[in-house]
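As provided, upload02.txt (compact mmCIF, C-alpha atoms) reads as follows.
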```txt
# COMPACT_ATOMS: atom_id res chain seq x y z
CA MET A 7 130.03 83.82 144.54
CA THR A 8 132.02 87.01 144.11
CA ALA A 9 135.21 87.15 142.06
CA PHE A 10 137.21 87.48 145.28
CA GLU A 11 135.49 84.46 146.84
CA ARG A 12 136.24 82.50 143.66
CA LEU A 13 139.93 83.42 143.93
CA CYS A 14 140.03 82.27 147.57
CA GLU A 15 138.33 79.00 146.59
CA ILE A 16 140.90 78.36 143.83
CA VAL A 17 143.83 79.05 146.16
CA ALA A 18 142.36 76.68 148.77
CA LYS A 19 142.00 74.01 146.06
CA LEU A 20 145.62 74.50 144.98
CA ARG A 21 146.73 73.99 148.60
CA ALA A 22 144.50 70.95 149.14
CA PRO A 23 145.94 67.39 149.32
CA ASP A 24 144.79 66.76 145.75
CA GLY A 25 145.92 70.20 144.57
CA CYS A 26 149.16 71.45 143.05
CA PRO A 27 152.40 69.99 144.48
CA TRP A 28 154.29 73.27 143.99
CA ASP A 29 151.63 75.37 145.70
CA ARG A 30 151.41 72.90 148.59
CA GLU A 31 155.18 73.19 149.16
CA GLN A 32 155.08 76.97 149.61
CA THR A 33 155.53 78.65 153.00
CA HIS A 34 155.35 82.23 154.21
CA GLU A 35 159.14 82.40 153.93
CA SER A 36 159.35 80.87 150.44
CA LEU A 37 156.77 83.34 149.11
CA LEU A 38 158.49 86.45 150.48
CA PRO A 39 160.76 87.08 147.45
CA ALA A 40 157.77 86.84 145.11
CA LEU A 41 155.72 89.15 147.35
CA ILE A 42 158.43 91.82 147.27
CA GLU A 43 159.00 91.35 143.53
CA GLU A 44 155.29 91.69 142.74
CA ALA A 45 155.02 94.87 144.81
CA TYR A 46 157.85 96.38 142.75
CA GLU A 47 156.22 95.21 139.52
CA VAL A 48 153.03 96.99 140.57
CA ALA A 49 155.09 100.14 141.12
CA GLY A 50 156.70 99.69 137.71
CA ALA A 51 153.32 99.42 136.01
CA VAL A 52 152.15 102.59 137.75
CA ARG A 53 155.25 104.52 136.66
CA ALA A 54 154.84 103.24 133.10
CA ASN A 55 151.17 104.33 133.09
CA ASP A 56 150.34 100.90 131.67
CA SER A 57 146.76 100.15 132.72
CA ALA A 58 146.66 96.58 131.41
CA ASN A 59 149.91 95.64 133.12
CA PHE A 60 148.88 97.51 136.28
CA ARG A 61 145.68 95.46 136.47
CA GLU A 62 147.62 92.23 135.91
CA GLU A 63 150.27 93.02 138.52
CA LEU A 64 147.66 93.96 141.11
CA GLY A 65 146.13 90.53 140.52
CA ASP A 66 149.48 88.83 141.03
CA LEU A 67 150.00 90.74 144.27
CA LEU A 68 146.49 89.92 145.47
CA LEU A 69 147.09 86.24 144.71
CA LEU A 70 150.10 86.20 147.02
CA ILE A 71 148.15 87.93 149.80
CA VAL A 72 145.41 85.32 149.53
CA MET A 73 148.03 82.55 149.47
CA HIS A 74 149.64 83.85 152.67
CA ALA A 75 146.22 83.99 154.36
CA GLU A 76 145.40 80.46 153.20
CA ILE A 77 148.69 79.10 154.59
CA ALA A 78 147.99 80.85 157.90
CA SER A 79 144.49 79.38 158.05
CA GLU A 80 145.86 75.85 157.72
CA SER A 81 147.51 76.20 161.14
CA ASP A 82 144.54 78.10 162.60
CA ARG A 83 146.48 81.35 162.93
CA PHE A 84 144.02 83.48 160.94
CA ASP A 85 142.21 83.46 157.61
CA ILE A 86 141.45 85.94 154.84
CA ASN A 87 138.23 87.02 156.55
CA GLY A 88 140.24 88.01 159.62
CA VAL A 89 142.57 90.02 157.41
CA LEU A 90 139.63 91.84 155.81
CA LYS A 91 137.95 92.42 159.16
CA ASP A 92 141.11 93.89 160.71
CA VAL A 93 141.85 96.29 157.87
CA THR A 94 138.21 97.39 157.63
CA GLU A 95 138.02 98.14 161.35
CA LYS A 96 141.38 99.94 161.20
CA LEU A 97 140.19 102.19 158.39
CA ILE A 98 137.08 103.14 160.35
CA ARG A 99 139.03 103.77 163.59
CA ARG A 100 141.67 105.89 161.89
CA HIS A 101 139.23 108.00 159.89
CA PRO A 102 137.07 109.58 162.60
CA HIS A 103 136.76 112.66 160.37
CA VAL A 104 134.78 110.45 157.98
CA PHE A 105 133.13 107.89 160.27
CA GLY A 106 133.09 109.84 163.55
CA ASN A 107 133.07 113.33 164.99
CA SER A 108 136.60 114.57 164.29
CA ASP A 109 136.86 117.98 162.64
CA ALA A 110 140.19 117.22 160.89
CA ARG A 111 139.77 118.30 157.28
CA GLU A 112 143.13 119.04 155.65
CA SER A 113 145.62 116.29 154.89
CA GLY A 114 148.24 117.39 157.43
CA ALA A 115 145.75 117.28 160.28
CA VAL A 116 144.46 113.91 159.06
CA LEU A 117 147.98 112.43 159.06
CA ARG A 118 148.72 113.72 162.57
CA GLN A 119 145.41 112.28 163.74
CA TRP A 120 146.29 108.92 162.12
CA GLU A 121 149.63 108.81 163.95
CA SER A 122 147.99 109.69 167.28
CA ILE A 123 145.38 106.97 166.90
CA LYS A 124 148.03 104.47 165.80
CA ARG A 125 150.20 105.15 168.86
CA ALA A 126 147.19 104.80 171.16
CA GLU A 127 146.33 101.46 169.53
CA LYS A 128 149.86 100.12 169.96
CA ALA A 129 149.96 101.26 173.61
CA GLY A 130 146.76 99.31 174.26
CA LYS A 131 147.83 96.06 172.62
CA PRO A 132 147.52 92.83 174.66
CA GLY A 133 150.62 92.03 176.69
CA ARG A 134 151.41 95.65 177.53
CA ASN A 135 150.86 96.85 181.05
CA ALA A 136 149.18 100.14 181.79
CA GLY A 137 152.39 101.48 183.35
CA ASP A 138 154.62 100.48 180.45
CA ALA A 139 156.29 103.23 178.46
CA ASP A 140 154.68 103.96 175.13
CA GLY A 141 157.92 103.29 173.31
CA HIS A 142 159.59 105.61 170.83
CA TYR A 143 157.77 107.42 168.08
CA LEU A 144 159.83 105.77 165.31
CA ASP A 145 159.77 102.26 166.77
CA ASP A 146 157.40 101.08 164.05
CA LEU A 147 159.61 102.34 161.20
CA PRO A 148 160.02 99.19 159.04
CA LEU A 149 163.58 97.90 158.85
CA ALA A 150 162.90 96.03 155.61
CA LEU A 151 162.11 99.11 153.52
CA PRO A 152 164.58 100.19 150.80
CA ALA A 153 166.96 102.77 152.23
CA LEU A 154 165.61 105.80 150.36
CA MET A 155 162.02 104.91 151.16
CA ARG A 156 162.83 104.30 154.83
CA ALA A 157 164.64 107.64 155.09
CA GLN A 158 161.72 109.52 153.55
CA LYS A 159 159.21 107.72 155.76
CA ALA A 160 161.20 108.63 158.88
CA GLN A 161 161.40 112.26 157.77
CA SER A 162 157.68 112.39 156.94
CA LYS A 163 156.73 110.92 160.31
CA VAL A 164 158.77 113.37 162.36
CA ALA A 165 157.47 116.25 160.24
CA ARG A 166 153.97 115.40 161.51
CA VAL A 167 155.12 116.29 165.02
CA ASN A 168 156.67 119.55 163.80
CA PHE A 169 160.29 118.32 163.57
CA ASP A 170 160.88 119.73 160.11
CA TRP A 171 162.63 122.47 158.18
CA THR A 172 160.46 125.53 157.63
CA GLU A 173 161.78 126.53 154.20
CA VAL A 174 163.14 124.60 151.21
CA ARG A 175 166.17 126.92 151.14
CA ASP A 176 167.13 125.63 154.60
CA VAL A 177 167.13 122.05 153.28
CA ILE A 178 169.25 123.10 150.30
CA ALA A 179 171.69 124.74 152.70
CA LYS A 180 171.86 121.46 154.62
CA VAL A 181 172.62 119.54 151.42
CA GLU A 182 175.42 122.00 150.62
CA GLU A 183 176.77 121.66 154.18
CA GLU A 184 176.85 117.86 153.83
CA ILE A 185 178.69 118.15 150.50
CA GLN A 186 181.39 120.25 152.15
CA GLU A 187 181.73 117.75 154.99
CA LEU A 188 182.01 114.92 152.48
CA LYS A 189 184.73 116.79 150.57
CA GLN A 190 186.68 117.19 153.80
CA ALA A 191 186.34 113.50 154.64
CA VAL A 192 187.59 112.58 151.15
CA LEU A 193 190.60 114.90 151.57
CA GLU A 194 191.41 113.21 154.88
CA GLN A 195 190.99 109.77 153.23
CA ASP A 196 189.06 108.54 156.26
CA ARG A 197 186.94 105.67 154.93
CA LYS A 198 184.57 105.57 157.91
CA SER A 199 184.02 109.33 157.77
CA ILE A 200 183.45 109.17 154.02
CA GLU A 201 180.80 106.49 154.51
CA ASP A 202 179.12 108.51 157.25
CA GLU A 203 179.14 111.70 155.19
CA VAL A 204 177.84 109.96 152.06
CA GLY A 205 174.98 108.64 154.19
CA ASP A 206 174.31 112.09 155.63
CA LEU A 207 174.31 113.59 152.13
CA LEU A 208 171.88 110.99 150.80
CA PHE A 209 169.63 111.54 153.81
CA ALA A 210 169.68 115.30 153.21
CA VAL A 211 168.89 114.89 149.51
CA VAL A 212 165.95 112.61 150.37
CA ASN A 213 164.74 115.31 152.73
CA LEU A 214 165.00 117.86 149.92
CA ALA A 215 162.91 115.61 147.66
CA ARG A 216 160.29 115.23 150.40
CA LYS A 217 160.21 118.96 151.02
CA CYS A 218 159.62 119.48 147.29
CA LYS A 219 156.74 116.97 147.52
CA LEU A 220 158.60 114.37 145.48
CA ASP A 221 159.12 110.69 146.16
CA ALA A 222 162.88 110.08 146.41
CA GLU A 223 162.61 106.43 145.35
CA SER A 224 160.66 107.37 142.20
CA ALA A 225 163.02 110.25 141.43
CA LEU A 226 166.06 107.96 141.59
CA GLN A 227 164.31 105.31 139.50
CA GLY A 228 163.61 107.97 136.88
CA ALA A 229 167.22 109.14 136.90
CA THR A 230 168.47 105.57 136.55
CA ASP A 231 166.05 104.87 133.69
CA LYS A 232 167.29 108.03 131.94
CA PHE A 233 170.91 106.96 132.42
CA VAL A 234 170.21 103.49 131.02
CA ALA A 235 168.42 104.95 127.99
CA ARG A 236 171.30 107.31 127.24
CA PHE A 237 173.93 104.62 127.76
CA ASN A 238 172.05 102.35 125.35
CA ARG A 239 172.26 105.13 122.74
CA LEU A 240 175.96 105.56 123.47
CA GLU A 241 176.50 101.86 122.88
CA ASP A 242 174.51 102.02 119.62
CA GLU A 243 176.61 104.97 118.45
CA LEU A 244 179.83 103.08 119.18
CA GLN A 245 178.56 100.08 117.24
CA SER A 246 177.71 102.33 114.28
CA ARG A 247 181.36 103.45 114.35
CA GLY A 248 182.58 99.87 114.45
CA LYS A 249 183.76 100.19 118.04
CA LYS A 250 183.01 98.38 121.30
CA LEU A 251 182.57 99.35 124.95
CA GLY A 252 185.84 99.06 126.85
CA GLU A 253 187.90 99.87 123.76
CA VAL A 254 187.20 103.60 123.62
CA ASP A 255 188.85 106.31 125.72
CA ILE A 256 186.88 108.55 128.07
CA ALA A 257 187.25 111.64 125.85
CA GLU A 258 185.35 110.02 122.98
CA LEU A 259 182.76 108.57 125.36
CA ASP A 260 182.20 112.00 126.92
CA ALA A 261 181.80 113.60 123.50
CA ILE A 262 179.17 111.05 122.46
CA TRP A 263 177.44 111.38 125.85
CA ASP A 264 177.23 115.17 125.55
CA GLN A 265 175.77 114.83 122.06
CA ILE A 266 173.15 112.37 123.32
CA LYS A 267 172.15 114.68 126.17
CA GLN A 268 171.54 117.49 123.67
CA THR A 269 169.45 115.33 121.36
CA PRO A 270 165.71 116.14 121.59
CA ASN A 271 164.67 112.48 121.65
CA ALA A 272 167.11 111.62 124.46
CA GLU A 273 164.27 111.20 126.94
CA VAL A 274 163.61 107.82 128.54
CA SER A 275 161.29 105.40 126.85
CA GLU A 276 160.29 101.87 127.75
CA LEU A 277 162.04 100.68 124.57
CA ASP A 278 165.29 102.39 125.56
CA VAL A 279 165.34 100.92 129.06
CA GLY A 280 164.61 97.44 127.75
CA HIS A 281 167.30 97.73 125.04
```
Show me, as structure tokens, the structure contained in the file I just sent.
Amino acid sequence: MTAFERLCEIVAKLRAPDGCPWDREQTHESLLPALIEEAYEVAGAVRANDSANFREELGDLLLLIVMHAEIASESDRFDINGVLKDVTEKLIRRHPHVFGNSDARESGAVLRQWESIKRAEKAGKPGRNAGDADGHYLDDLPLALPALMRAQKAQSKVARVNFDWTEVRDVIAKVEEEIQELKQAVLEQDRKSIEDEVGDLLFAVVNLARKCKLDAESALQGATDKFVARFNRLEDELQSRGKKLGEVDIAELDAIWDQIKQTPNAEVSELDVGH
């Protein structure tokens, strides 16, 4: 028995009538928060470059996948073998440059090929008539993604069909244009316009990150971690002066903040963030 088969056997035992009451009570819906949380914990372990934690979190995520498959199998919807079969066949279908005769070799061509194959698959799904419209290109953009991630995914997808800025300077110009439009909306005190322009600005900044080959979600996480680390130091400095947050004016806070920013060890660390 492989390690994976052993895991599946244990999960089935936990769900059995003589298994664990808590595990037996779980449903697809009840497990969703944990599934999302574990995916983020995997991402956190990757960003922290913590191999031991990364391994552990991948195991936790895999456990939830197996649990979902086991619950589905109990109502004869599908089982883990069906999941493995589907993803294996999909990988082979969508990599004809590896398993077939496609001559796509660079990553851009491979991604465009992937999208083309994916659209053809969706058009041929059961229940769709031959004369039906193929639907829109972005119809499969997941609604449940975090906003920054969803924006970047939309931008990346349309870039594969040549809807993209040619130069980074053009994207920077767009960011500057959106800032000016936001300033105007603020001057006019139009709440709806301000919301729209803030959204447009965020979307443009995500596009700039993508164009610079950065992940916007990771970049913002890094910026937030840095802010938390510096604010922890600010709080420590206030305590060393016998003062508390909320009792100090902005001038003193700014002075401490500027000093922290200029300190060589002001970079983020796991200890700082977990202060």
If you measure from CA of Glu44 (chain A) to CA of Phe60 (chain A), what distance in Å do you get, rounded to one decimal?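 Atom-to-atom, CA of Glu44 (chain A) to CA of Phe60 (chain A), that is 10.8 Å.
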All residues 12 Å or closer to Glu43 (chain A), all atoms listed in the file, same chain fewer than 3 positions away omitted, as a PDB file with C-alpha atoms, in the frame of the given file:
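The file below, result.pdb, is the result:
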```pdb
ATOM      1  CA  LEU A  37     156.770  83.340 149.110  1.00  0.00           C
ATOM      2  CA  LEU A  38     158.490  86.450 150.480  1.00  0.00           C
ATOM      3  CA  PRO A  39     160.760  87.080 147.450  1.00  0.00           C
ATOM      4  CA  ALA A  40     157.770  86.840 145.110  1.00  0.00           C
ATOM      5  CA  TYR A  46     157.850  96.380 142.750  1.00  0.00           C
ATOM      6  CA  GLU A  47     156.220  95.210 139.520  1.00  0.00           C
ATOM      7  CA  VAL A  48     153.030  96.990 140.570  1.00  0.00           C
ATOM      8  CA  ALA A  49     155.090 100.140 141.120  1.00  0.00           C
ATOM      9  CA  GLY A  50     156.700  99.690 137.710  1.00  0.00           C
ATOM     10  CA  GLU A  63     150.270  93.020 138.520  1.00  0.00           C
ATOM     11  CA  LEU A  64     147.660  93.960 141.110  1.00  0.00           C
ATOM     12  CA  ASP A  66     149.480  88.830 141.030  1.00  0.00           C
ATOM     13  CA  LEU A  67     150.000  90.740 144.270  1.00  0.00           C
ATOM     14  CA  LEU A  70     150.100  86.200 147.020  1.00  0.00           C
TER      15      LEU A  70
END
```
Give as a PyMOL selection string each residue that has an atom at most 12 Å from (159.3, 111.5, 161.9) in the file, counting all atoms listed in the file. chain A and resi 117-118+121+142-147+156-170+213
Considering all atoms listed in the file, can you say which of A:Cys218, A:Ala58, A:Leu90, A:Ile71 comes closest to Val17 (chain A)?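 Looking at the shortest contact to Val17 (chain A), the residue is A:Ile71.
Here CA of Arg53 (chain A) is placed at a distance of 16.4 Å from CA of Phe233 (chain A).
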Go ahead and fit an axis-aligned box to every listed atom of region 194-209 of chain A plus 6 Å each side, and pass me the centre and edge lengths in Å, one decimal, as lines of an AutoDock Vina configuration file.
```
center_x = 180.5
center_y = 109.6
center_z = 154.4
size_x = 33.8
size_y = 20.0
size_z = 19.1
```
Counting only C-alpha atoms, closest pick from A:Met155, A:Asp196, A:Thr269, A:Ile256 relative to Ala222 (chain A) is A:Met155
What's the separation between CA of His74 (chain A) and CA of Thr33 (chain A), in Å to one decimal place?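 According to the coordinates, CA of His74 (chain A) and CA of Thr33 (chain A) are separated by 7.9 Å.
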